[in-house]
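K.L.:
final07.cif (mmCIF, C-alpha atoms) pasted underneath:
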```
data_work
#
loop_
_atom_site.label_atom_id
_atom_site.label_comp_id
_atom_site.auth_asym_id
_atom_site.auth_seq_id
_atom_site.Cartn_x
_atom_site.Cartn_y
_atom_site.Cartn_z
CA MET S 1 84.10 132.98 108.59
CA ASN S 2 80.37 132.32 109.00
CA GLN S 3 78.02 129.41 109.16
CA GLN S 4 77.43 129.48 105.39
CA ALA S 5 81.11 128.88 104.59
CA THR S 6 81.69 125.88 102.33
CA LEU S 7 83.73 123.02 103.69
CA PRO S 8 86.38 121.74 101.28
CA PRO S 9 86.50 118.01 100.53
CA THR S 10 88.85 115.96 102.68
CA THR S 11 90.83 115.21 99.52
CA ASP S 12 91.63 118.92 99.10
CA ASP S 13 95.31 118.96 98.00
CA ARG S 14 96.04 122.62 98.51
CA ALA S 15 99.79 123.28 98.80
CA ILE S 16 102.10 126.06 99.91
CA ARG S 17 105.59 127.02 98.80
CA VAL S 18 107.98 128.22 101.47
CA THR S 19 111.35 129.82 100.84
CA GLY S 20 113.50 129.27 103.89
CA GLY S 21 116.56 130.97 105.29
CA HIS S 22 114.82 134.13 106.54
CA ARG S 23 114.98 135.32 110.12
CA LEU S 24 111.52 135.80 111.65
CA GLU S 25 110.93 138.79 113.93
CA GLY S 26 107.88 140.58 115.25
CA THR S 27 104.66 140.37 117.22
CA VAL S 28 101.66 138.13 116.56
CA SER S 29 98.44 137.22 118.35
CA VAL S 30 97.38 133.69 119.26
CA GLN S 31 94.07 132.15 118.18
CA GLY S 32 91.55 130.63 120.56
CA SER S 33 92.40 127.08 121.57
CA LYS S 34 91.30 124.55 118.97
CA ASN S 35 91.08 121.62 121.36
CA ILE S 36 89.33 123.53 124.13
CA ALA S 37 86.87 125.04 121.66
CA LEU S 38 85.86 121.69 120.19
CA HIS S 39 84.93 120.32 123.61
CA LEU S 40 83.00 123.48 124.45
CA TYR S 41 81.06 123.14 121.19
CA ALA S 42 79.93 119.72 122.44
CA ALA S 43 79.08 121.11 125.88
CA ALA S 44 76.93 123.80 124.22
CA LEU S 45 74.47 121.03 123.28
CA LEU S 46 73.54 120.70 126.95
CA ALA S 47 72.57 124.35 127.50
CA ASP S 48 68.89 125.16 128.03
CA GLU S 49 69.54 128.82 127.22
CA PRO S 50 71.46 130.65 124.47
CA LEU S 51 75.22 130.23 124.78
CA THR S 52 77.98 132.27 123.15
CA LEU S 53 81.64 131.38 122.90
CA THR S 54 84.01 134.19 121.93
CA GLY S 55 87.54 133.67 120.70
CA ALA S 56 86.49 130.66 118.63
CA PRO S 57 89.34 129.67 116.30
CA GLU S 58 88.51 130.34 112.65
CA ILE S 59 89.36 126.81 111.52
CA LEU S 60 87.64 124.10 109.52
CA ASP S 61 86.86 122.02 112.61
CA THR S 62 84.78 124.91 113.97
CA LEU S 63 82.65 124.84 110.82
CA VAL S 64 82.27 121.07 111.01
CA CYS S 65 81.07 121.25 114.62
CA ALA S 66 78.63 124.06 113.77
CA GLU S 67 77.17 121.94 110.98
CA ILE S 68 76.80 118.97 113.33
CA LEU S 69 74.92 121.11 115.85
CA ASN S 70 72.65 122.58 113.17
CA HIS S 71 71.99 119.17 111.62
CA THR S 72 71.08 117.57 114.95
CA GLY S 73 68.74 120.36 116.03
CA THR S 74 70.71 123.08 117.84
CA PRO S 75 70.61 126.34 115.81
CA THR S 76 74.21 127.56 115.57
CA LYS S 77 75.89 130.58 114.01
CA VAL S 78 79.59 131.19 113.52
CA ILE S 79 80.38 134.85 112.91
CA GLY S 80 84.05 135.73 113.01
CA ASP S 81 85.31 134.40 116.32
CA ARG S 82 81.84 134.05 117.86
CA PHE S 83 80.15 130.65 118.16
CA GLU S 84 76.49 131.18 119.08
CA THR S 85 73.88 128.55 119.94
CA VAL S 86 70.24 128.53 121.04
CA PRO S 87 68.53 125.49 122.58
CA ALA S 88 67.08 122.89 120.26
CA ALA S 89 63.31 122.76 119.75
CA ALA S 90 63.63 119.12 118.70
CA TRP S 91 66.50 116.65 118.53
CA TYR S 92 67.70 114.74 115.46
CA PRO S 93 70.36 112.58 117.11
CA VAL S 94 72.19 111.25 114.07
CA ILE S 95 75.64 112.65 113.32
CA PRO S 96 76.10 112.51 109.53
CA ASP S 97 78.99 110.40 108.30
CA GLN S 98 80.42 113.19 106.14
CA LEU S 99 80.75 115.39 109.25
CA GLY S 100 81.52 112.95 112.04
CA ARG S 101 84.38 111.38 110.11
CA ARG S 102 86.15 114.74 109.81
CA ILE S 103 86.81 115.39 113.49
CA ARG S 104 88.24 113.57 116.51
CA ILE S 105 85.58 114.60 119.05
CA THR S 106 82.66 112.85 117.35
CA ALA S 107 82.17 110.56 120.36
CA VAL S 108 82.13 113.56 122.73
CA MET S 109 79.44 115.28 120.67
CA ALA S 110 77.55 112.00 120.51
CA ALA S 111 77.62 111.78 124.32
CA ALA S 112 76.03 115.23 124.57
CA LEU S 113 73.31 114.19 122.11
CA LEU S 114 72.75 110.98 124.05
CA ALA S 115 72.34 113.02 127.22
CA ARG S 116 69.73 115.26 125.58
CA ALA S 117 67.82 112.87 123.31
CA GLY S 118 68.33 109.50 125.02
CA GLN S 119 69.73 108.04 121.82
CA VAL S 120 72.36 108.77 119.18
CA THR S 121 73.88 107.24 116.07
CA PHE S 122 77.36 108.31 115.02
CA PRO S 123 80.22 107.19 112.78
CA LEU S 124 83.59 106.26 114.17
CA PRO S 125 85.64 109.47 114.49
CA GLY S 126 87.93 110.87 111.83
CA GLY S 127 90.41 113.70 112.19
CA ASP S 128 94.12 113.08 112.43
CA ALA S 129 95.20 109.55 111.61
CA PHE S 130 98.79 109.59 112.87
CA CYS S 131 98.11 106.35 114.78
CA HIS S 132 95.27 104.05 115.86
CA ARG S 133 93.17 105.96 118.41
CA LEU S 134 90.56 104.07 120.40
CA ILE S 135 87.20 105.30 121.71
CA ASP S 136 86.73 102.41 124.14
CA ARG S 137 86.72 104.68 127.22
CA HIS S 138 84.00 106.85 125.63
CA LEU S 139 81.86 103.76 125.01
CA ALA S 140 82.52 102.50 128.53
CA ALA S 141 81.25 105.82 129.93
CA MET S 142 78.08 105.56 127.82
CA GLU S 143 77.45 102.02 129.05
CA ALA S 144 78.11 103.03 132.65
CA ALA S 145 75.49 105.77 132.23
CA GLY S 146 72.94 103.11 131.28
CA ALA S 147 73.20 103.07 127.49
CA THR S 148 72.81 99.96 125.36
CA LEU S 149 75.32 100.01 122.52
CA ALA S 150 75.33 98.46 119.06
CA VAL S 151 78.83 98.78 117.59
CA THR S 152 79.81 97.88 114.04
CA GLY S 153 83.04 98.43 112.17
CA THR S 154 81.86 101.87 111.08
CA HIS S 155 79.13 103.13 113.43
CA VAL S 156 77.86 103.22 116.99
CA LYS S 157 74.21 103.31 118.07
CA ALA S 158 73.51 104.13 121.70
CA ARG S 159 70.17 104.23 123.49
CA ILE S 160 69.15 104.88 127.08
CA ALA S 161 65.75 103.34 127.82
CA SER S 162 65.09 105.61 130.78
CA TRP S 163 66.99 108.79 131.56
CA ASP S 164 65.92 108.45 135.19
CA SER S 165 68.80 106.03 135.62
CA ALA S 166 71.00 106.15 138.69
CA PRO S 167 74.30 108.04 138.83
CA PHE S 168 77.23 106.04 137.52
CA THR S 169 80.94 105.45 137.97
CA THR S 170 83.40 105.17 135.09
CA ASP S 171 87.19 105.10 134.75
CA ALA S 172 89.02 107.39 132.30
CA ALA S 173 92.34 105.56 132.63
CA THR S 174 93.73 104.14 129.38
CA ARG S 175 96.07 101.32 128.50
CA SER S 176 98.66 103.89 127.48
CA TRP S 177 100.26 106.44 129.76
CA GLY S 178 97.68 108.73 131.32
CA PRO S 179 93.89 109.20 131.33
CA SER S 180 91.73 109.92 128.30
CA LEU S 181 91.01 113.62 127.89
CA GLY S 182 88.07 113.05 125.56
CA ALA S 183 86.52 110.26 127.62
CA THR S 184 86.69 112.45 130.71
CA VAL S 185 84.65 115.12 128.91
CA THR S 186 82.27 112.47 127.53
CA ALA S 187 81.60 111.24 131.07
CA MET S 188 81.17 114.81 132.38
CA LEU S 189 78.57 115.62 129.73
CA LEU S 190 76.61 112.45 130.44
CA ALA S 191 76.74 112.97 134.22
CA ALA S 192 75.73 116.63 133.89
CA ARG S 193 72.16 115.62 132.94
CA ILE S 194 71.72 112.79 135.48
CA ARG S 195 70.28 113.63 138.87
CA GLY S 196 72.57 112.61 141.67
CA THR S 197 76.34 112.41 141.81
CA SER S 198 78.35 110.37 139.31
CA THR S 199 82.06 109.63 139.68
CA ILE S 200 84.82 109.71 137.07
CA LEU S 201 87.87 107.82 138.28
CA ASN S 202 91.33 108.89 137.09
CA PRO S 203 90.05 111.97 135.25
CA SER S 204 92.23 113.94 132.89
CA VAL S 205 93.18 117.40 134.14
CA GLU S 206 94.15 118.81 130.74
CA PRO S 207 93.02 122.41 130.15
CA GLU S 208 90.33 121.11 127.78
CA VAL S 209 88.75 119.26 130.69
CA MET S 210 89.16 122.05 133.23
CA VAL S 211 87.66 124.74 130.99
CA THR S 212 84.72 122.53 130.01
CA ALA S 213 84.19 121.79 133.71
CA SER S 214 84.16 125.52 134.50
CA VAL S 215 81.51 126.18 131.83
CA LEU S 216 79.36 123.33 133.15
CA ALA S 217 79.78 124.62 136.71
CA ALA S 218 78.68 128.11 135.61
CA GLY S 219 75.59 126.46 134.13
CA GLY S 220 74.61 124.86 137.42
CA VAL S 221 76.37 121.48 137.35
CA GLY S 222 78.15 120.48 140.57
CA LEU S 223 81.78 119.36 140.25
CA THR S 224 84.05 118.25 143.07
CA TRP S 225 87.65 117.19 142.43
CA GLU S 226 89.75 114.74 144.38
CA GLY S 227 92.93 115.75 142.61
CA THR S 228 93.63 113.31 139.78
CA ALA S 229 92.00 110.40 141.65
CA ALA S 230 88.35 111.22 141.00
CA LEU S 231 85.89 113.82 139.77
CA HIS S 232 82.38 113.85 141.21
CA VAL S 233 79.69 115.37 138.96
CA THR S 234 76.27 116.27 140.35
CA GLY S 235 73.83 116.61 137.49
CA THR S 236 70.85 118.86 136.94
CA ASP S 237 67.82 118.92 134.67
CA ARG S 238 68.49 122.51 133.64
CA ILE S 239 71.82 124.00 132.51
CA THR S 240 71.98 127.73 131.93
CA GLY S 241 73.79 129.44 129.05
CA GLY S 242 75.76 132.65 128.98
CA ALA S 243 78.89 134.03 127.33
CA PHE S 244 82.33 132.48 127.72
CA GLN S 245 85.79 133.31 126.39
CA ILE S 246 87.83 130.51 124.85
CA PRO S 247 91.42 130.63 126.20
CA PRO S 248 94.31 131.13 123.77
CA ASP S 249 95.79 128.13 122.01
CA ARG S 250 98.96 126.96 123.77
CA LEU S 251 99.68 124.65 120.84
CA GLU S 252 99.62 127.41 118.24
CA ALA S 253 101.69 129.58 120.58
CA ALA S 254 104.35 126.86 120.90
CA THR S 255 104.31 126.29 117.13
CA LEU S 256 104.95 130.00 116.53
CA VAL S 257 107.81 129.95 119.04
CA LEU S 258 109.50 126.98 117.34
CA ALA S 259 108.98 128.47 113.87
CA ALA S 260 110.60 131.77 114.82
CA THR S 261 113.46 130.39 116.90
CA ILE S 262 114.53 127.78 114.36
CA THR S 263 115.36 130.74 112.08
CA GLY S 264 117.33 132.51 114.83
CA GLY S 265 114.53 135.02 115.22
CA THR S 266 112.43 136.40 118.03
CA VAL S 267 108.65 136.45 118.42
CA HIS S 268 106.40 138.28 120.85
CA LEU S 269 103.10 136.51 121.53
CA ASP S 270 100.77 139.41 122.18
CA GLY S 271 98.31 138.77 125.00
CA PHE S 272 99.60 135.25 125.62
CA PRO S 273 101.13 135.13 129.13
CA THR S 274 103.98 132.73 129.77
CA SER S 275 101.85 131.08 132.45
CA GLU S 276 99.59 129.67 129.70
CA PHE S 277 102.39 127.29 128.68
CA PRO S 278 102.48 123.96 130.54
CA THR S 279 105.39 123.78 132.98
CA GLY S 280 106.70 120.68 131.24
CA LEU S 281 106.89 122.53 127.94
CA VAL S 282 108.66 125.50 129.52
CA ALA S 283 111.27 123.16 131.04
CA VAL S 284 111.95 121.34 127.74
CA PHE S 285 112.13 124.61 125.82
CA ALA S 286 114.68 125.89 128.35
CA ASP S 287 116.77 122.74 127.90
CA ALA S 288 116.56 123.25 124.12
CA GLY S 289 117.88 126.82 124.45
CA ILE S 290 114.55 128.64 124.06
CA GLU S 291 113.98 131.50 126.48
CA LEU S 292 110.41 132.55 127.32
CA THR S 293 110.09 135.95 129.00
CA SER S 294 106.96 137.75 130.20
CA VAL S 295 106.69 141.10 128.42
CA ASN S 296 103.68 143.47 128.48
CA GLY S 297 101.19 140.74 129.29
CA GLY S 298 102.55 138.50 126.56
CA THR S 299 105.53 136.23 125.97
CA LEU S 300 108.83 137.06 124.24
CA ALA S 301 110.54 133.98 122.82
CA ARG S 302 114.09 133.72 121.56
CA CYS S 303 116.92 131.22 121.28
CA PRO S 304 120.04 133.37 121.82
CA THR S 305 122.69 130.63 121.71
CA GLY S 306 120.96 128.39 119.16
CA PRO S 307 119.14 125.08 119.54
CA ARG S 308 120.46 122.50 122.02
CA ALA S 309 119.90 118.74 122.03
CA VAL S 310 117.49 117.41 124.66
CA GLN S 311 116.39 114.15 126.27
CA MET S 312 112.66 114.31 127.02
CA THR S 313 109.30 112.55 126.98
CA THR S 314 105.77 113.68 126.23
CA ALA S 315 103.33 113.49 129.13
CA PRO S 316 99.82 114.49 130.22
CA HIS S 317 99.31 118.05 131.43
CA PRO S 318 101.29 119.79 132.82
CA GLY S 319 103.94 117.77 130.99
CA PHE S 320 105.20 118.30 127.45
CA PRO S 321 102.20 118.03 125.06
CA THR S 322 102.21 115.28 122.46
CA ASP S 323 100.73 117.78 119.97
CA ILE S 324 104.01 119.74 120.04
CA GLN S 325 106.26 116.72 119.66
CA PRO S 326 106.40 116.80 115.81
CA GLN S 327 107.22 120.54 115.78
CA LEU S 328 109.91 120.09 118.45
CA THR S 329 111.39 117.22 116.41
CA ALA S 330 111.75 119.58 113.44
CA PHE S 331 113.39 122.24 115.65
CA LEU S 332 115.88 119.73 117.08
CA THR S 333 117.22 118.94 113.61
CA GLN S 334 119.26 122.13 114.09
CA ALA S 335 120.62 121.19 117.54
CA PRO S 336 124.21 119.88 117.70
CA GLY S 337 124.35 116.40 119.17
CA THR S 338 121.75 113.69 119.68
CA SER S 339 118.24 114.34 120.96
CA ARG S 340 115.92 111.60 122.15
CA ILE S 341 112.16 112.06 122.40
CA GLY S 342 110.06 109.47 124.17
CA GLU S 343 106.47 109.58 122.87
CA ARG S 344 104.44 108.22 125.79
CA ILE S 345 100.98 109.47 124.83
CA TYR S 346 100.63 108.20 121.26
CA THR S 347 103.48 105.72 121.03
CA GLU S 348 103.09 105.30 117.26
CA ARG S 349 103.13 109.03 116.48
CA GLY S 350 105.70 109.37 113.72
CA THR S 351 104.02 110.55 110.50
CA HIS S 352 106.35 113.57 110.46
CA VAL S 353 109.55 111.51 110.51
CA GLY S 354 109.60 110.51 106.83
CA PRO S 355 108.96 114.04 105.54
CA LEU S 356 111.66 115.45 107.83
CA ARG S 357 114.10 112.94 106.35
CA ALA S 358 113.13 114.28 102.91
CA PHE S 359 114.48 117.65 104.06
CA GLY S 360 117.79 115.96 104.90
CA ALA S 361 117.23 115.49 108.62
CA THR S 362 118.73 112.53 110.44
CA VAL S 363 115.69 111.27 112.30
CA ASN S 364 114.97 107.68 113.30
CA VAL S 365 112.22 105.87 115.18
CA ASP S 366 112.72 102.88 117.44
CA GLY S 367 109.41 101.91 118.98
CA SER S 368 108.16 104.97 120.85
CA VAL S 369 111.52 106.75 120.84
CA ILE S 370 112.48 109.28 118.17
CA THR S 371 116.18 110.07 117.78
CA VAL S 372 117.37 113.26 116.10
CA ARG S 373 121.02 113.89 115.22
CA GLY S 374 122.04 117.40 114.31
CA PRO S 375 122.66 119.93 113.15
CA ALA S 376 121.43 118.94 109.71
CA ALA S 377 121.85 121.11 106.64
CA LEU S 378 118.22 121.04 105.52
CA ILE S 379 117.42 121.43 101.84
CA ALA S 380 114.12 122.19 100.12
CA ALA S 381 111.75 119.27 99.67
CA ASP S 382 108.35 118.41 98.21
CA VAL S 383 106.40 116.74 101.03
CA VAL S 384 102.86 115.77 101.97
CA GLY S 385 101.35 116.08 105.44
CA GLU S 386 98.62 113.75 106.69
CA ASP S 387 97.73 115.37 110.01
CA ILE S 388 97.71 118.83 111.59
CA ARG S 389 100.88 118.72 113.65
CA ALA S 390 102.89 116.85 111.01
CA VAL S 391 102.17 119.64 108.50
CA ALA S 392 103.24 122.20 111.11
CA ALA S 393 106.51 120.29 111.60
CA MET S 394 107.17 120.33 107.85
CA LEU S 395 106.52 124.05 107.76
CA ILE S 396 109.06 124.62 110.55
CA ALA S 397 111.63 122.51 108.72
CA ALA S 398 110.99 124.42 105.48
CA LEU S 399 111.71 127.72 107.27
CA ALA S 400 115.21 126.44 108.10
CA ALA S 401 115.85 124.76 104.73
CA GLU S 402 117.83 126.14 101.82
CA GLY S 403 115.64 126.79 98.77
CA THR S 404 111.90 126.70 98.18
CA SER S 405 109.89 123.77 99.54
CA THR S 406 106.41 122.62 98.58
CA ILE S 407 104.18 121.30 101.33
CA ARG S 408 100.92 119.59 100.46
CA GLY S 409 98.06 118.68 102.76
CA MET S 410 96.92 122.18 103.65
CA TYR S 411 93.46 120.80 104.43
CA HIS S 412 94.94 119.42 107.64
CA LEU S 413 96.68 122.66 108.58
CA ARG S 414 93.42 124.57 108.08
CA ARG S 415 91.69 122.16 110.47
CA GLY S 416 93.84 123.35 113.36
CA TYR S 417 95.42 126.71 112.50
CA GLY S 418 93.23 129.55 111.33
CA GLY S 419 95.88 132.11 110.46
CA LEU S 420 99.29 130.52 110.95
CA LEU S 421 100.57 131.25 107.44
CA PRO S 422 99.75 134.99 107.43
CA LYS S 423 101.20 135.28 110.93
CA LEU S 424 104.47 133.72 109.81
CA ALA S 425 104.52 135.93 106.71
CA SER S 426 104.09 139.00 108.93
CA LEU S 427 107.15 138.01 110.95
CA GLY S 428 109.55 138.17 108.04
CA THR S 429 109.39 140.38 104.94
CA GLY S 430 111.73 137.94 103.14
CA LEU S 431 109.54 134.96 103.93
CA MET S 432 107.81 133.78 100.79
CA ILE S 433 104.64 131.73 101.16
CA ASP S 434 102.62 131.24 97.99
CA GLN S 435 99.37 129.30 98.11
CA GLU S 436 98.44 127.23 95.11
CA MET S 437 95.94 124.61 94.09
CA SER S 438 97.37 121.39 92.71
#
```
Do you think you could lay out the structure here as structure tokens?
P.N.:
Amino acid sequence: MNQQATLPPTTDDRAIRVTGGHRLEGTVSVQGSKNIALHLYAAALLADEPLTLTGAPEILDTLVCAEILNHTGTPTKVIGDRFETVPAAAWYPVIPDQLGRRIRITAVMAAALLARAGQVTFPLPGGDAFCHRLIDRHLAAMEAAGATLAVTGTHVKARIASWDSAPFTTDAATRSWGPSLGATVTAMLLAARIRGTSTILNPSVEPEVMVTASVLAAGGVGLTWEGTAALHVTGTDRITGGAFQIPPDRLEAATLVLAATITGGTVHLDGFPTSEFPTGLVAVFADAGIELTSVNGGTLARCPTGPRAVQMTTAPHPGFPTDIQPQLTAFLTQAPGTSRIGERIYTERGTHVGPLRAFGATVNVDGSVITVRGPAALIAADVVGEDIRAVAAMLIAALAAEGTSTIRGMYHLRRGYGGLLPKLASLGTGLMIDQEMS
């Protein structure tokens, strides 16, 4: 992948055919973290020296972010898994609609542009639309930093009259359960360029935040944590660059584990230590019958006695990630008994439920609780995915289904997983995945 790669339209209806019933076995690598990478791409806008990120996931969202940086003034190259930037000579702080509406972190990138140029215009974010997702905490951080906002139904314009404004305080807590990850990063990026010490109350401590904080700290920004109560950010007028490695993607790793174990197989995640999994995920996997063992610097995953029903809830880090909930739901269709999943992060997250029913699963939603009764004899289906993790859940179900399924919506899968399909194909010689254009 390079910076000249052509982005497909968002209406791209690429499909795959998956013949299920094959046991998956083998060793695979794990891509760089999608969600961490996207926030680091935004942080790269603040660097006053060249900055290189290695291990960048080769996904569509990486290309979108590179185009945003190039369009707004920061020369950016994407070569393989390297994301390289040099400081802007001039700023063009308008994020194009056709780019900003493709990703979720548009407001985070806008905050970085606001910090550098004193103004920014951006469309409301796009990306996955599995439920209504607010950006109110991002806007609150911008206002706290001294910005005047003009908000319409489609766009936001922000302007800071004088960047010599005083340090600020903002709160990342949301109306749902837990703080906003993205708004925490937005506030960090704004505070990083303001002299003095700003305070972020109730900051998220997700890996995306912690890794971005470490890159900012390496660049000369001061950060002091008071646990989950507050983060104090001491800004600077010069942030250095350097080279940084993007950590492996815990979400792809968990998806690979669920895909292999639903077939009764075993997968070794090469170079992905068990410690990279959140403790909440490890605990739920153990309850569901999935064993994770450290082997040769990686993780060996298997489900020796078959899936087991669980009672669990999603939670902020280090709890069970919401972005693995759809895939776990698919896995639990094969667990005898009744499983209940409380979705406490995105309470309306259920776009995968209808397609799983099409496979023959007994899955129901009551408010924020998803109930799965199993084991279900899944049969091939023709389904459409509308977000990254829902497509991954359908793929996992298809691996356990009898017959050949067709899954549409590959545009979404390609936004988050750079090589998931070839990795799955490499785990089972009987696994048949044919790509087609509708």
K.L.:
For this file, the PyMOL selection byres ((chain S and resi 24) around 6) selects which residues, as a count of residues only?
P.N.:
6
K.L.:
What would the selection look like, as number ranges by chain, if the PyMOL selection byres ((chain S and resi 262) around 8) were run on the coordinates I just shared?
P.N.:
S: 258-261, 263-265, 307, 331, 334, 396, 399-400
K.L.:
Taking only residues of region 132-251 of chain S that have an atom at most 12 Å from an atom of region 336-352 of chain S, what is each one's shortest atom pair and its distance in Å to one decimal, using all atoms listed in the file, in chain and number order, as a tab-separated table?
P.N.:
```
residue	atom	partner	partner_atom	distance
S:His132	CA	S:Glu348	CA	8.0
S:Arg133	CA	S:Tyr346	CA	8.3
S:Leu134	CA	S:Tyr346	CA	10.9
S:Thr174	CA	S:Ile345	CA	10.1
S:Arg175	CA	S:Ile345	CA	10.2
S:Ser176	CA	S:Ile345	CA	6.6
S:Trp177	CA	S:Ile345	CA	5.8
S:Gly178	CA	S:Ile345	CA	7.3
S:Pro179	CA	S:Ile345	CA	9.6
S:Ser180	CA	S:Ile345	CA	9.9
S:Leu181	CA	S:Ile345	CA	11.2
```
K.L.:
Run the PyMOL selection byres ((chain S and resi 141-155) around 10) against the file shown and list the residues it catches, as a ChimeraX atom specification.
P.N.:
/S:97,101,107,110-111,114-115,118-125,136-140,156-172,183-188,190-191,194,198,200
K.L.:
Give me the residues near region 353-366 of chain S as a ChimeraX atom specification, where near means some atom within 9 Å (using only C-alpha atoms) and where sequence neighbours in that chain fewer than 3 positions away do not count.
P.N.:
/S:326,329-330,333-334,350,369-385,390,393-394,397-398,401,405
K.L.:
Near Ser275 (chain S), counting only C-alpha atoms, which residues have an atom at most 12 Å away, once you skip same-chain residues fewer than 5 positions from it, shown as a ChimeraX atom specification?
P.N.:
/S:248,250,253,280-282,292-295,297-299,318
K.L.:
For those residues, write C-alpha atoms to a file as a short mmCIF file (atom, residue, chain, number, x, y, z; two decimals), in the frame of the given file.
P.N.:
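File produced: result.cif:
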```cif
data_model
loop_
_atom_site.label_atom_id
_atom_site.label_comp_id
_atom_site.auth_asym_id
_atom_site.auth_seq_id
_atom_site.Cartn_x
_atom_site.Cartn_y
_atom_site.Cartn_z
CA PRO S 248 94.31 131.13 123.77
CA ARG S 250 98.96 126.96 123.77
CA ALA S 253 101.69 129.58 120.58
CA GLY S 280 106.70 120.68 131.24
CA LEU S 281 106.89 122.53 127.94
CA VAL S 282 108.66 125.50 129.52
CA LEU S 292 110.41 132.55 127.32
CA THR S 293 110.09 135.95 129.00
CA SER S 294 106.96 137.75 130.20
CA VAL S 295 106.69 141.10 128.42
CA GLY S 297 101.19 140.74 129.29
CA GLY S 298 102.55 138.50 126.56
CA THR S 299 105.53 136.23 125.97
CA PRO S 318 101.29 119.79 132.82
#
```
K.L.:
Of the residues S:Ala315, S:Leu40, S:Ala286, S:Met210, which is the one nearest to Cys303 (chain S), using only C-alpha atoms?
P.N.:
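Checking each candidate against Cys303 (chain S), we get S:Ala286 as the closest.
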K.L.:
Check the smallest atom-to-atom distance from each of S:Met312, S:Leu45, S:Ala88, S:Ile36 to Thr212 (chain S) using all atoms listed in the file, then report the winner.
P.N.:
S:Ile36
K.L.:
Just the number, please: distance in Å from CA of Ile324 (chain S) to CA of Ala229 (chain S), one decimal.
P.N.:
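Spanning CA of Ile324 (chain S) to CA of Ala229 (chain S) is a straight-line distance of 26.4 Å.
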K.L.:
Can you tell me how far CA of Ile79 (chain S) sits from CA of Met109 (chain S), in Å to one decimal?
P.N.:
21.1 Å
K.L.:
Taking all atoms listed in the file into account, name the residue in S:Leu269, S:Val233, S:Ala213, S:Ala89 that is nearest to Asn296 (chain S).
P.N.:
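Once distances to Asn296 (chain S) are computed over all atoms listed in the file, the minimum belongs to S:Leu269.
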K.L.:
I want to know what sits within 7 Å of Gly241 (chain S), based on all atoms listed in the file, with residues of the same chain fewer than 5 positions away left out; could you give that as a PyMOL selection string?
P.N.:
chain S and resi 47-51+219
K.L.:
Can you tell me how far CA of Glu67 (chain S) sits from CA of Gly100 (chain S), in Å to one decimal?
P.N.:
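Computed distance, CA of Glu67 (chain S) to CA of Gly100 (chain S), equals 10.0 Å.
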K.L.:
My list of candidates is S:Gly55, S:Gly367, S:Ile239, S:Ala217. Which is closest to Ser29 (chain S) when distances are computed with only C-alpha atoms?
P.N.:
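When distances to Ser29 (chain S) are compared using only C-alpha atoms, the smallest one comes from S:Gly55.
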K.L.:
Between S:Leu421, S:Ile135, S:Ile59, S:Val215, which has the minimum distance to Ala43 (chain S) (counting all atoms listed in the file)?
P.N.:
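Selected residue with least distance to Ala43 (chain S): S:Val215.
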